[in-house]
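Okay, so here's the structure we're looking at.
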Amino acid sequence: MSAPTPTGQQPMPGRIMSGEMAEQPAVLRRILEEGAPRIRRIAEEIAARRPRFVLLTARGTSDNAALYAKYLVEVVLGKPAGLTSMSTTTAYGARPDLTDCLVVTVSQSGGSPDLVASTRAAREAGAITLAVTNNADSPLAEVSEFHIDVLAGPEKALPATKTYTAELLALYLFVEGLRGGDGSAAKILPELAERILARQDEVRALAARYRFAERLVLTSRGYGYPTAKEAALKLMETSYIPALSFSGADLLHGPLAMVDNVSPVIAIVTEGKGGEALQPVLDRLRGRGADLVVIGNQASVDAASAGFVLPTEGVAEEVQPILEILPLQMLAYEVTIARGQDPDAPRALAKVTETR
């Protein structure tokens, strides 16, 4: 996807992000071949302790991965799960009783002070603590009882791409391990990811719709909702376009009023129950004349203004988010390039964000 920069020339904008997006099929294979056995062992050890519910802690892109894990835990395991508010611990000093609770903290770097502090507090409060990071030597990994390395390799571009899909796959394999599953639904993902990433020309054509956009709305339901949130984040941090993400159900509870016949909307239509639940929302959007672009199956794309057809036939609904985000990462990249900006280095951002 990217080429080396000739000696003496300035690096091409977006070269690093482009290269890291292209690495994703290899990263997915590495997790399946090298990481899966360790993930399974950790899952078996934690399952033997019978946690009664799961709390997930994260920020930014990793927070969207944690939301995906919340769906997995509730749907696949049938256990209650929640996303934590770290300030209750770090700012307010709350110390809830977390006996028999599994606390999963997701972070690419594992270096943010609030993640480390809240995980340490959770462990002191009786929780089983698991860190999911791209840095086995991080402070977060050190304070957690268990650690899963997502094996994405160094990520230098400020927008996270390969670490996000690596987190999703690692979390899927972990939840599968908790229930004694073999994670076989993920085996096809590297091949399908390669096929999607090879279709950059299609995404570039879609990006032309948004070069001068003043705002975007993204929506989905079920397993696709974290994809909508992550795509909105990618578009905002690279192209600086205000991008609002909504569950399809929440979109109908008020925000739909801001959508008109010139409003650009991107819908992620997961093939399965989530996509079925989104259909009434798509009908309402079409009724308002929205410029509707769909990322999903052929039928959903045919019923929209434009879209990107995903090769998801026969792919389990719970792993489709690992594929859904790929064209949207490319879209953020292409829109940013079209607007004359560098997606490798968004203004005002640092690779490791330290919050407290």
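By order of appearance in the structure tokens: chains A, B, ..., then residues from 1 within every chain, and ligands from 1 in the order shown.
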Please tabulate, as JSON lines, the residues of stretch 123-218 of chain A that come within 9 Å of stretch 323-341 of chain A, each with its closest pair of atoms and the distance in Å to one decimal, counting only C-alpha atoms and ordering rows by chain, then residue number upward.
{"residue": "A:Thr161", "atom": "CA", "partner": "A:Gln329", "partner_atom": "CA", "distance": 7.0}
{"residue": "A:Thr165", "atom": "CA", "partner": "A:Ile325", "partner_atom": "CA", "distance": 8.0}
{"residue": "A:Leu189", "atom": "CA", "partner": "A:Leu323", "partner_atom": "CA", "distance": 7.3}
{"residue": "A:Leu192", "atom": "CA", "partner": "A:Leu323", "partner_atom": "CA", "distance": 7.5}
{"residue": "A:Ala193", "atom": "CA", "partner": "A:Leu323", "partner_atom": "CA", "distance": 6.2}
{"residue": "A:Ile196", "atom": "CA", "partner": "A:Pro327", "partner_atom": "CA", "distance": 7.0}
{"residue": "A:Leu197", "atom": "CA", "partner": "A:Leu326", "partner_atom": "CA", "distance": 7.0}
{"residue": "A:Arg199", "atom": "CA", "partner": "A:Pro327", "partner_atom": "CA", "distance": 8.4}
{"residue": "A:Gln200", "atom": "CA", "partner": "A:Met330", "partner_atom": "CA", "distance": 7.2}
{"residue": "A:Val203", "atom": "CA", "partner": "A:Leu331", "partner_atom": "CA", "distance": 5.8}
{"residue": "A:Arg204", "atom": "CA", "partner": "A:Glu334", "partner_atom": "CA", "distance": 5.8}
{"residue": "A:Leu206", "atom": "CA", "partner": "A:Leu331", "partner_atom": "CA", "distance": 7.4}
{"residue": "A:Ala207", "atom": "CA", "partner": "A:Val335", "partner_atom": "CA", "distance": 5.1}
{"residue": "A:Ala208", "atom": "CA", "partner": "A:Val335", "partner_atom": "CA", "distance": 7.1}
{"residue": "A:Arg209", "atom": "CA", "partner": "A:Val335", "partner_atom": "CA", "distance": 8.8}
{"residue": "A:Tyr210", "atom": "CA", "partner": "A:Val335", "partner_atom": "CA", "distance": 6.5}
{"residue": "A:Arg211", "atom": "CA", "partner": "A:Val335", "partner_atom": "CA", "distance": 5.8}
{"residue": "A:Phe212", "atom": "CA", "partner": "A:Arg339", "partner_atom": "CA", "distance": 7.8}
Review point. Would you give me, as an MDAnalysis selection string, the residues in stretch 10-116 of chain A that DSSP reads as alpha helix (DSSP H)?
Key: chainID A and resid 15:22 24:30 36:47 60:72 87:90 113:116
Which residues are near A:Ser263? Cut-off 6 Å, only C-alpha atoms, ignore same chain within fewer than 2 positions. Put them as a CSV table (one decimal) with all heavy atoms, in the first residue's frame.
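Written output follows (result_11.csv):
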chain,number,residue,atom,x,y,z
A,259,VAL,N,-30.5,15.2,10.4
A,259,VAL,CA,-30.3,14.6,9.1
A,259,VAL,C,-31.2,15.1,8.1
A,259,VAL,O,-32.5,15.1,8.3
A,259,VAL,CB,-30.3,13.1,9.2
A,259,VAL,CG1,-30.1,12.5,7.8
A,259,VAL,CG2,-29.3,12.5,10.2
A,260,ASP,N,-30.7,15.7,7.0
A,260,ASP,CA,-31.6,16.1,5.9
A,260,ASP,C,-31.1,15.6,4.6
A,260,ASP,O,-30.3,14.7,4.5
A,260,ASP,CB,-31.6,17.7,5.9
A,260,ASP,CG,-30.3,18.3,5.8
A,260,ASP,OD1,-29.3,17.6,5.3
A,260,ASP,OD2,-30.1,19.4,6.3
A,261,ASN,N,-31.6,16.2,3.5
A,261,ASN,CA,-31.2,15.6,2.2
A,261,ASN,C,-29.8,15.9,1.7
A,261,ASN,O,-29.5,15.5,0.6
A,261,ASN,CB,-32.3,16.0,1.1
A,261,ASN,CG,-32.4,17.5,1.0
A,261,ASN,OD1,-31.6,18.3,1.6
A,261,ASN,ND2,-33.3,18.0,0.1
A,290,ALA,N,-31.2,11.3,2.9
A,290,ALA,CA,-29.8,11.4,3.3
A,290,ALA,C,-28.9,10.8,2.3
A,290,ALA,O,-29.3,9.9,1.5
A,290,ALA,CB,-29.6,10.7,4.7
A,291,ASP,N,-27.7,11.3,2.2
A,291,ASP,CA,-26.7,10.8,1.3
A,291,ASP,C,-26.1,9.6,2.1
A,291,ASP,O,-25.2,9.7,2.9
A,291,ASP,CB,-25.6,11.8,1.0
A,291,ASP,CG,-24.4,11.2,0.2
A,291,ASP,OD1,-24.6,10.2,-0.5
A,291,ASP,OD2,-23.3,11.8,0.3
Review point. Using only C-alpha atoms, which of A:Lys234, A:His147, A:Arg195, A:Arg221 sits nearest A:Leu171?
Key: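 Closest to A:Leu171, using only C-alpha atoms: A:His147.
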Review point. Do you have the atom CA of A:Thr57-atom CA of A:Val132 distance handy?
Key: 10.2 Å
Practice item. Considering only C-alpha atoms, return as a PyMOL selection string whatever protein or nucleic-acid residues lie within 12 Å of A:Val103, sequence-local ones (same chain, fewer than 4 positions apart) excluded. Key: chain A and resi 46+51-58+66+69-70+81-84+86+98-99+115+118-132+144-147
**Study point:** Contact residues around A:Leu251 with only C-alpha atoms at 12 Å, ignoring same-chain residues under 3 positions, as a PyMOL selection string
**Key:** chain A and resi 217-221+225+244-248+254-259+265+267+278+280-282+284-285
Exercise for review: Could you find all residues in stretch 155-328 of chain A that DSSP calls strand (DSSP E) from the backbone, and write them as a list in words?
Suggested key: Leu216, Val217, Leu218, Thr219, Ser220, Ala243, Leu244, Ser245, Phe246, Ser247, Pro264, Val265, Ile266, Ala267, Ile268, Asp291, Leu292, Val293, Val294, Ile295, Gly296, Ala306, Gly307, Phe308 and Val309 of chain A
I need the residues from that last selection saved to file as a CSV table (one decimal), in the first residue's frame (with N, CA and C atoms), if you can.
chain,number,residue,atom,x,y,z
A,216,LEU,N,-20.1,14.5,9.5
A,216,LEU,CA,-20.5,13.2,9.1
A,216,LEU,C,-21.3,12.5,10.2
A,217,VAL,N,-22.2,11.7,9.9
A,217,VAL,CA,-22.9,10.8,10.9
A,217,VAL,C,-22.6,9.4,10.5
A,218,LEU,N,-22.2,8.6,11.5
A,218,LEU,CA,-22.0,7.2,11.3
A,218,LEU,C,-22.9,6.4,12.3
A,219,THR,N,-23.5,5.3,11.8
A,219,THR,CA,-24.4,4.6,12.6
A,219,THR,C,-24.3,3.1,12.3
A,220,SER,N,-24.7,2.3,13.3
A,220,SER,CA,-24.8,0.8,13.2
A,220,SER,C,-25.5,0.3,14.4
A,243,ALA,N,-17.3,14.1,13.2
A,243,ALA,CA,-18.0,12.9,12.8
A,243,ALA,C,-18.7,12.3,14.1
A,244,LEU,N,-20.0,12.2,14.0
A,244,LEU,CA,-20.8,11.8,15.1
A,244,LEU,C,-21.2,10.4,14.9
A,245,SER,N,-21.1,9.5,16.0
A,245,SER,CA,-21.4,8.1,15.9
A,245,SER,C,-22.6,7.8,16.8
A,246,PHE,N,-23.6,7.1,16.3
A,246,PHE,CA,-24.7,6.7,17.1
A,246,PHE,C,-25.1,5.3,16.8
A,247,SER,N,-25.6,4.6,17.9
A,247,SER,CA,-26.3,3.4,17.7
A,247,SER,C,-27.6,3.8,16.9
A,264,PRO,N,-24.4,13.7,4.9
A,264,PRO,CA,-23.7,12.4,4.6
A,264,PRO,C,-23.8,11.5,5.8
A,265,VAL,N,-24.3,10.3,5.6
A,265,VAL,CA,-24.4,9.3,6.6
A,265,VAL,C,-23.7,8.0,6.1
A,266,ILE,N,-22.9,7.4,7.0
A,266,ILE,CA,-22.3,6.1,6.7
A,266,ILE,C,-22.9,5.1,7.7
A,267,ALA,N,-23.4,4.0,7.1
A,267,ALA,CA,-24.0,3.0,8.0
A,267,ALA,C,-23.2,1.7,7.8
A,268,ILE,N,-22.9,1.1,8.9
A,268,ILE,CA,-22.2,-0.2,8.9
A,268,ILE,C,-23.3,-1.3,9.2
A,291,ASP,N,-27.7,11.3,2.2
A,291,ASP,CA,-26.7,10.8,1.3
A,291,ASP,C,-26.1,9.6,2.1
A,292,LEU,N,-26.7,8.4,1.8
A,292,LEU,CA,-26.4,7.2,2.6
A,292,LEU,C,-25.4,6.3,1.9
A,293,VAL,N,-24.3,6.1,2.6
A,293,VAL,CA,-23.3,5.2,2.1
A,293,VAL,C,-23.3,4.0,3.1
A,294,VAL,N,-23.3,2.8,2.6
A,294,VAL,CA,-23.3,1.6,3.4
A,294,VAL,C,-22.1,0.7,3.3
A,295,ILE,N,-21.5,0.3,4.4
A,295,ILE,CA,-20.5,-0.7,4.4
A,295,ILE,C,-21.2,-2.0,4.9
A,296,GLY,N,-21.3,-2.9,4.0
A,296,GLY,CA,-22.0,-4.1,4.3
A,296,GLY,C,-22.2,-5.1,3.2
A,306,ALA,N,-24.5,4.8,-2.2
A,306,ALA,CA,-23.2,4.2,-2.6
A,306,ALA,C,-22.7,3.3,-1.5
A,307,GLY,N,-21.6,2.6,-1.6
A,307,GLY,CA,-21.1,1.8,-0.5
A,307,GLY,C,-19.9,0.9,-0.9
A,308,PHE,N,-19.6,0.1,0.0
A,308,PHE,CA,-18.5,-0.9,-0.1
A,308,PHE,C,-19.0,-2.2,0.3
A,309,VAL,N,-19.0,-3.2,-0.6
A,309,VAL,CA,-19.5,-4.5,-0.3
A,309,VAL,C,-18.4,-5.3,0.4
Review point. Which of these residues is nearest to A:Leu140, using only C-alpha atoms: A:Pro154, A:Gly110, A:Ser85, A:Ala160?
Key: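 Of the candidates, the smallest distance to A:Leu140 is held by A:Gly110.
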Practice item. Name the closest residue to A:Leu173 among the candidates A:Gly314, A:Gly35, A:Gly19, A:Gly78; distances are taken between atoms, counting only C-alpha atoms. Key: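 Of A:Gly314, A:Gly35, A:Gly19, A:Gly78, the one nearest A:Leu173, counting only C-alpha atoms, is A:Gly35.
Omitting A:Tyr68 and its sequence neighbours fewer than 3 positions away, and counting only C-alpha atoms, the residues within 7 Å are Asn64, Ala65, Tyr71, Leu72, Tyr223 and Pro226 of chain A.
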Can I get the selected residues back with N, CA and C atoms, as a PDB file, in the first residue's frame?
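And here is the file that came out, part.pdb:
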ATOM      1  N   ASN A  64     -13.153   1.584  22.048  1.00  0.00           N
ATOM      2  CA  ASN A  64     -14.048   0.988  21.054  1.00  0.00           C
ATOM      3  C   ASN A  64     -13.835  -0.523  20.987  1.00  0.00           C
ATOM      4  N   ALA A  65     -12.590  -0.957  21.144  1.00  0.00           N
ATOM      5  CA  ALA A  65     -12.325  -2.396  21.221  1.00  0.00           C
ATOM      6  C   ALA A  65     -12.974  -2.988  22.473  1.00  0.00           C
ATOM      7  N   TYR A  71     -20.004  -6.508  24.002  1.00  0.00           N
ATOM      8  CA  TYR A  71     -21.004  -7.260  23.243  1.00  0.00           C
ATOM      9  C   TYR A  71     -20.703  -8.753  23.276  1.00  0.00           C
ATOM     10  N   LEU A  72     -19.442  -9.114  23.097  1.00  0.00           N
ATOM     11  CA  LEU A  72     -19.060 -10.525  23.119  1.00  0.00           C
ATOM     12  C   LEU A  72     -19.409 -11.170  24.456  1.00  0.00           C
ATOM     13  N   TYR A 223     -22.923  -5.630  16.999  1.00  0.00           N
ATOM     14  CA  TYR A 223     -21.468  -5.722  16.891  1.00  0.00           C
ATOM     15  C   TYR A 223     -20.881  -4.623  16.005  1.00  0.00           C
ATOM     16  N   PRO A 226     -19.469  -0.569  17.712  1.00  0.00           N
ATOM     17  CA  PRO A 226     -18.087  -0.147  17.975  1.00  0.00           C
ATOM     18  C   PRO A 226     -17.342   0.261  16.705  1.00  0.00           C
TER      19      PRO A 226
END
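Picture a line from atom CA of A:Leu252 to atom CA of A:Thr270; it runs 18.5 Å.
In terms of minimum interatomic distance to A:Leu151, A:Ile39 ranks closest within A:Ala304, A:Ala249, A:Ile39, A:Ile16, counting only C-alpha atoms.
With only C-alpha atoms as the atoms that count, the minimum distance from A:Gly93 to the choices A:Ala48, A:Ala152, A:Ala36, A:Ala117 is reached by A:Ala117.
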